[in-house]
Amino acid sequence: MAGSGERARHWRYAELPGVDLLRARYIRKTFIRHTHENFVIAAIADGVEVFHHRGSDVSAGAGALALVNPDTPHTGRAGVPEGWRYGALYPSPDVVAAIAAETTALRGTPGFASPVLDDPYTVRLVHQVLRAADEGNALAADTLLRVTVTRLLRLNGGRLPQRRIRTAGASIAARARAVLEERMAEPPALQRLASDLGTSPFALLRAFRDAYGMPPHTWLTDARVRRARLLLDAGTAPAEAAVAVGFTDQPHLNRHFTRIVGVPPGAYQRERTGPEERKVVQPDERKNVQDAS
């Protein structure tokens, strides 16, 4: 690997609908607090990843899996100087639920009980899924994906908790979230948002953090990147997507997108245009993009 040695590729394989795929090696990379709509199944091949999850830092080293349920705030960074190399699957809740219903006895909404699982065999399975997708081997990719998810649910599966009972604070947080979603490009200041909802700024901060695991401004950045991904998937140019979701310009989208998704928006979008244009992204060659403010 040239330069810093960092590489990443985030892509989809048409024969695995509802699943995003990632291969990466990071050394200095830091993922800010964010969430995914899908599950995260990250198989560590070398090094160590540290990520903040439900109030504490946890580590996943070579031969272990980092497992995150949908809509769960988390971070990510290297746990050793040499960084970490991994492959990841991001299956949608529908994909996981369908596999769980067919192959396990889990009832309710399935999920992962622990954020880290030491299981070199499943780590190898994840990388085999990625290899099969790379080679266009649909039968192998689909089969191995189902085997992987089934094994993880049997070893580390559980029922995700139901949404908490509605409280006044949760209701205020949900209303604030709705306002931010509707006014994503031009959000109100915290004082104005709290006033419109009939509460104080600090009460709103507490309620929002309790409900969504992060303050409103952090949640908004995460939501903007999620919406930008949808726009990029639909063919919108990165510069247009940046303005549409409320970033000042494309460099701001580039910076936040890379710190959450792991690759710049242009590289992310190219992977969805067809296999003939796919290539490995080298973040070290895009350092000016990641450092843009």
# chains A, B, ... in the order shown; residues from 1 in each chain; ligands from 1
$ residues_around --residues "Thr221 in chain A" --least-positions-apart "5" --cutoff "9 Å" --atoms "only C-alpha atoms" --output "PyMOL selection string"
chain A and resi 34+216+226+247+256
$ residues_around --residues "Asp118 in chain A" --least-positions-apart "2" --cutoff "9 Å" --atoms "only C-alpha atoms" --output "list of chain:residue names"
A:Ala60, A:Gly61, A:Ala62, A:Gly63, A:Ala64, A:Leu65, A:Val116, A:Pro120, A:Thr122, A:Val123
$ select_by_dssp --residues "range 68-292 of chain A" --states "alpha helix (DSSP H)" --output "JSON, numbers by chain"
{"A": [93, 94, 95, 96, 97, 98, 99, 100, 101, 102, 103, 120, 121, 122, 123, 124, 125, 126, 127, 128, 129, 130, 131, 132, 133, 134, 135, 138, 139, 140, 141, 142, 143, 144, 145, 146, 147, 148, 149, 150, 151, 152, 153, 154, 155, 156, 168, 169, 170, 171, 172, 173, 174, 175, 176, 177, 178, 179, 180, 181, 182, 190, 191, 192, 193, 194, 195, 196, 201, 202, 203, 204, 205, 206, 207, 208, 209, 210, 211, 212, 216, 217, 218, 219, 220, 221, 222, 223, 224, 225, 226, 227, 228, 229, 230, 231, 232, 233, 238, 239, 240, 241, 242, 243, 244, 245, 250, 251, 252, 253, 254, 255, 256, 257, 258, 259, 260, 261, 265, 266, 267, 268, 269, 270, 287, 288, 289, 290]}
$ select_by_dssp --residues "range 18-141 of chain A" --states "strand (DSSP E)" --output "ChimeraX atom specification"
/A:19-26,30-34,40-53,56-61,64-68,74-78,84-91,110-112,116-118
$ residues_around --residues "Leu125 in chain A" --least-positions-apart "2" --cutoff "10 Å" --atoms "only C-alpha atoms" --output "MDAnalysis selection string"
chainID A and resid 43 120:123 127:131 141 144:145 147:149 151
$ write_last_selection --atoms "N, CA and C atoms" --output "PDB file, in the first residue's frame"
ATOM      1  N   ALA A  43     -15.784  -7.782  10.323  1.00  0.00           N
ATOM      2  CA  ALA A  43     -14.882  -8.895  10.623  1.00  0.00           C
ATOM      3  C   ALA A  43     -13.440  -8.401  10.576  1.00  0.00           C
ATOM      4  N   PRO A 120     -13.162 -16.590  14.903  1.00  0.00           N
ATOM      5  CA  PRO A 120     -12.404 -16.549  13.647  1.00  0.00           C
ATOM      6  C   PRO A 120     -13.118 -17.228  12.480  1.00  0.00           C
ATOM      7  N   TYR A 121     -13.916 -18.266  12.767  1.00  0.00           N
ATOM      8  CA  TYR A 121     -14.611 -18.963  11.682  1.00  0.00           C
ATOM      9  C   TYR A 121     -15.578 -18.012  10.973  1.00  0.00           C
ATOM     10  N   THR A 122     -16.362 -17.237  11.745  1.00  0.00           N
ATOM     11  CA  THR A 122     -17.312 -16.314  11.122  1.00  0.00           C
ATOM     12  C   THR A 122     -16.586 -15.150  10.456  1.00  0.00           C
ATOM     13  N   VAL A 123     -15.454 -14.740  11.013  1.00  0.00           N
ATOM     14  CA  VAL A 123     -14.645 -13.714  10.358  1.00  0.00           C
ATOM     15  C   VAL A 123     -14.281 -14.170   8.946  1.00  0.00           C
ATOM     16  N   HIS A 127     -15.414 -12.572   5.026  1.00  0.00           N
ATOM     17  CA  HIS A 127     -14.494 -12.266   3.930  1.00  0.00           C
ATOM     18  C   HIS A 127     -14.787 -13.139   2.708  1.00  0.00           C
ATOM     19  N   GLN A 128     -15.309 -14.322   2.910  1.00  0.00           N
ATOM     20  CA  GLN A 128     -15.712 -15.158   1.778  1.00  0.00           C
ATOM     21  C   GLN A 128     -16.931 -14.572   1.065  1.00  0.00           C
ATOM     22  N   VAL A 129     -17.844 -13.980   1.818  1.00  0.00           N
ATOM     23  CA  VAL A 129     -18.987 -13.303   1.188  1.00  0.00           C
ATOM     24  C   VAL A 129     -18.487 -12.175   0.292  1.00  0.00           C
ATOM     25  N   LEU A 130     -17.568 -11.373   0.813  1.00  0.00           N
ATOM     26  CA  LEU A 130     -17.033 -10.251   0.044  1.00  0.00           C
ATOM     27  C   LEU A 130     -16.297 -10.730  -1.202  1.00  0.00           C
ATOM     28  N   ARG A 131     -15.546 -11.817  -1.066  1.00  0.00           N
ATOM     29  CA  ARG A 131     -14.815 -12.349  -2.219  1.00  0.00           C
ATOM     30  C   ARG A 131     -15.784 -12.867  -3.284  1.00  0.00           C
ATOM     31  N   ALA A 141     -22.218 -16.050  -2.807  1.00  0.00           N
ATOM     32  CA  ALA A 141     -22.396 -14.863  -1.978  1.00  0.00           C
ATOM     33  C   ALA A 141     -23.676 -14.951  -1.156  1.00  0.00           C
ATOM     34  N   LEU A 144     -23.375 -17.901   1.509  1.00  0.00           N
ATOM     35  CA  LEU A 144     -22.471 -17.572   2.607  1.00  0.00           C
ATOM     36  C   LEU A 144     -23.031 -16.470   3.492  1.00  0.00           C
ATOM     37  N   LEU A 145     -23.741 -15.509   2.893  1.00  0.00           N
ATOM     38  CA  LEU A 145     -24.379 -14.471   3.701  1.00  0.00           C
ATOM     39  C   LEU A 145     -25.370 -15.084   4.681  1.00  0.00           C
ATOM     40  N   VAL A 147     -25.492 -18.171   5.794  1.00  0.00           N
ATOM     41  CA  VAL A 147     -24.777 -18.967   6.790  1.00  0.00           C
ATOM     42  C   VAL A 147     -24.165 -18.044   7.852  1.00  0.00           C
ATOM     43  N   THR A 148     -23.596 -16.930   7.422  1.00  0.00           N
ATOM     44  CA  THR A 148     -22.969 -15.980   8.342  1.00  0.00           C
ATOM     45  C   THR A 148     -23.979 -15.413   9.331  1.00  0.00           C
ATOM     46  N   VAL A 149     -25.092 -14.894   8.810  1.00  0.00           N
ATOM     47  CA  VAL A 149     -26.096 -14.272   9.685  1.00  0.00           C
ATOM     48  C   VAL A 149     -26.704 -15.312  10.621  1.00  0.00           C
ATOM     49  N   ARG A 151     -25.323 -18.073  11.773  1.00  0.00           N
ATOM     50  CA  ARG A 151     -24.348 -18.428  12.807  1.00  0.00           C
ATOM     51  C   ARG A 151     -24.250 -17.328  13.868  1.00  0.00           C
TER      52      ARG A 151
END
$ residues_around --residues "Ile27 in chain A" --least-positions-apart "5" --cutoff "10 Å" --atoms "only C-alpha atoms" --output "list in words"
Ser4, Gly5, Glu6, Arg7, Gly47, Val48, Glu49, Arg77, Ala78, Gly79, Val80, Pro81, Glu82, Gly83, Trp84 and Arg85 of chain A
$ atom_distance --atom1 "CA of Ile99 in chain A" --atom2 "CA of Arg159 in chain A"
14.0 Å
$ residues_around --residues "range 91-96 of chain A" --least-positions-apart "2" --cutoff "6 Å" --atoms "only C-alpha atoms" --output "list in words"
Gly18, Val19, Asn38, Phe39, Ala98 and Ile99 of chain A
$ atom_distance --atom1 "CA of Ile260 in chain A" --atom2 "CA of Tyr212 in chain A"
16.7 Å
$ atom_distance --atom1 "CA of Trp11 in chain A" --atom2 "CA of Gly266 in chain A"
12.2 Å
$ closest_residue --among "A:Gln250, A:Ser56, A:Thr143, A:Ser114" --to "Ala228 in chain A" --atoms "only C-alpha atoms"
A:Gln250
$ closest_residue --among "A:Ala45, A:Ala113, A:Ala133, A:Ala189" --to "Tyr86 in chain A" --atoms "only C-alpha atoms"
A:Ala45
$ residues_around --residues "Gly262 in chain A" --least-positions-apart "2" --cutoff "10 Å" --atoms "only C-alpha atoms" --output "list in words"
Arg7, Ala8, Arg9, His10, Leu22, Arg23, Ala24, Tyr26, Lys29, Thr30, Phe31, His256, Phe257, Thr258, Arg259, Ile260, Pro264, Pro265, Tyr268 and Pro283 of chain A
$ residues_around --residues "Arg229 in chain A" --least-positions-apart "6" --cutoff "10 Å" --atoms "only C-alpha atoms" --output "MDAnalysis selection string"
chainID A and resid 223 235:236 238 241 257 261 265 268:269
$ write_last_selection --atoms "N, CA, C and O atoms" --output "mmCIF file, in the first residue's frame"
data_model
loop_
_atom_site.group_PDB
_atom_site.id
_atom_site.type_symbol
_atom_site.label_atom_id
_atom_site.label_comp_id
_atom_site.auth_asym_id
_atom_site.auth_seq_id
_atom_site.Cartn_x
_atom_site.Cartn_y
_atom_site.Cartn_z
ATOM 1 N N ALA A 223 -28.011 12.445 10.089
ATOM 2 C CA ALA A 223 -29.193 12.374 9.228
ATOM 3 C C ALA A 223 -28.916 12.976 7.851
ATOM 4 O O ALA A 223 -29.404 12.477 6.828
ATOM 5 N N GLY A 235 -28.408 9.105 -8.122
ATOM 6 C CA GLY A 235 -27.708 9.743 -9.226
ATOM 7 C C GLY A 235 -27.467 11.226 -9.067
ATOM 8 O O GLY A 235 -26.936 11.867 -9.977
ATOM 9 N N THR A 236 -27.854 11.813 -7.931
ATOM 10 C CA THR A 236 -27.615 13.236 -7.708
ATOM 11 C C THR A 236 -26.120 13.509 -7.574
ATOM 12 O O THR A 236 -25.404 12.754 -6.902
ATOM 13 N N PRO A 238 -22.667 14.970 -6.192
ATOM 14 C CA PRO A 238 -22.301 15.286 -4.811
ATOM 15 C C PRO A 238 -22.501 16.755 -4.449
ATOM 16 O O PRO A 238 -22.973 17.058 -3.347
ATOM 17 N N ALA A 241 -26.161 17.278 -3.916
ATOM 18 C CA ALA A 241 -26.591 16.586 -2.702
ATOM 19 C C ALA A 241 -26.183 17.365 -1.465
ATOM 20 O O ALA A 241 -26.942 17.448 -0.492
ATOM 21 N N PHE A 257 -19.158 13.075 5.330
ATOM 22 C CA PHE A 257 -19.479 11.798 4.700
ATOM 23 C C PHE A 257 -18.357 10.795 4.931
ATOM 24 O O PHE A 257 -18.591 9.638 5.304
ATOM 25 N N VAL A 261 -19.164 7.369 6.659
ATOM 26 C CA VAL A 261 -19.279 6.230 5.737
ATOM 27 C C VAL A 261 -17.932 5.545 5.524
ATOM 28 O O VAL A 261 -17.871 4.331 5.320
ATOM 29 N N PRO A 265 -17.855 10.918 -0.904
ATOM 30 C CA PRO A 265 -19.118 10.701 -1.622
ATOM 31 C C PRO A 265 -18.941 10.368 -3.099
ATOM 32 O O PRO A 265 -19.707 9.576 -3.657
ATOM 33 N N TYR A 268 -17.997 6.747 -3.271
ATOM 34 C CA TYR A 268 -19.193 5.980 -2.890
ATOM 35 C C TYR A 268 -20.150 5.873 -4.075
ATOM 36 O O TYR A 268 -20.651 4.796 -4.390
ATOM 37 N N GLN A 269 -20.396 6.996 -4.744
ATOM 38 C CA GLN A 269 -21.352 6.992 -5.846
ATOM 39 C C GLN A 269 -20.846 6.192 -7.046
ATOM 40 O O GLN A 269 -21.608 5.482 -7.701
#
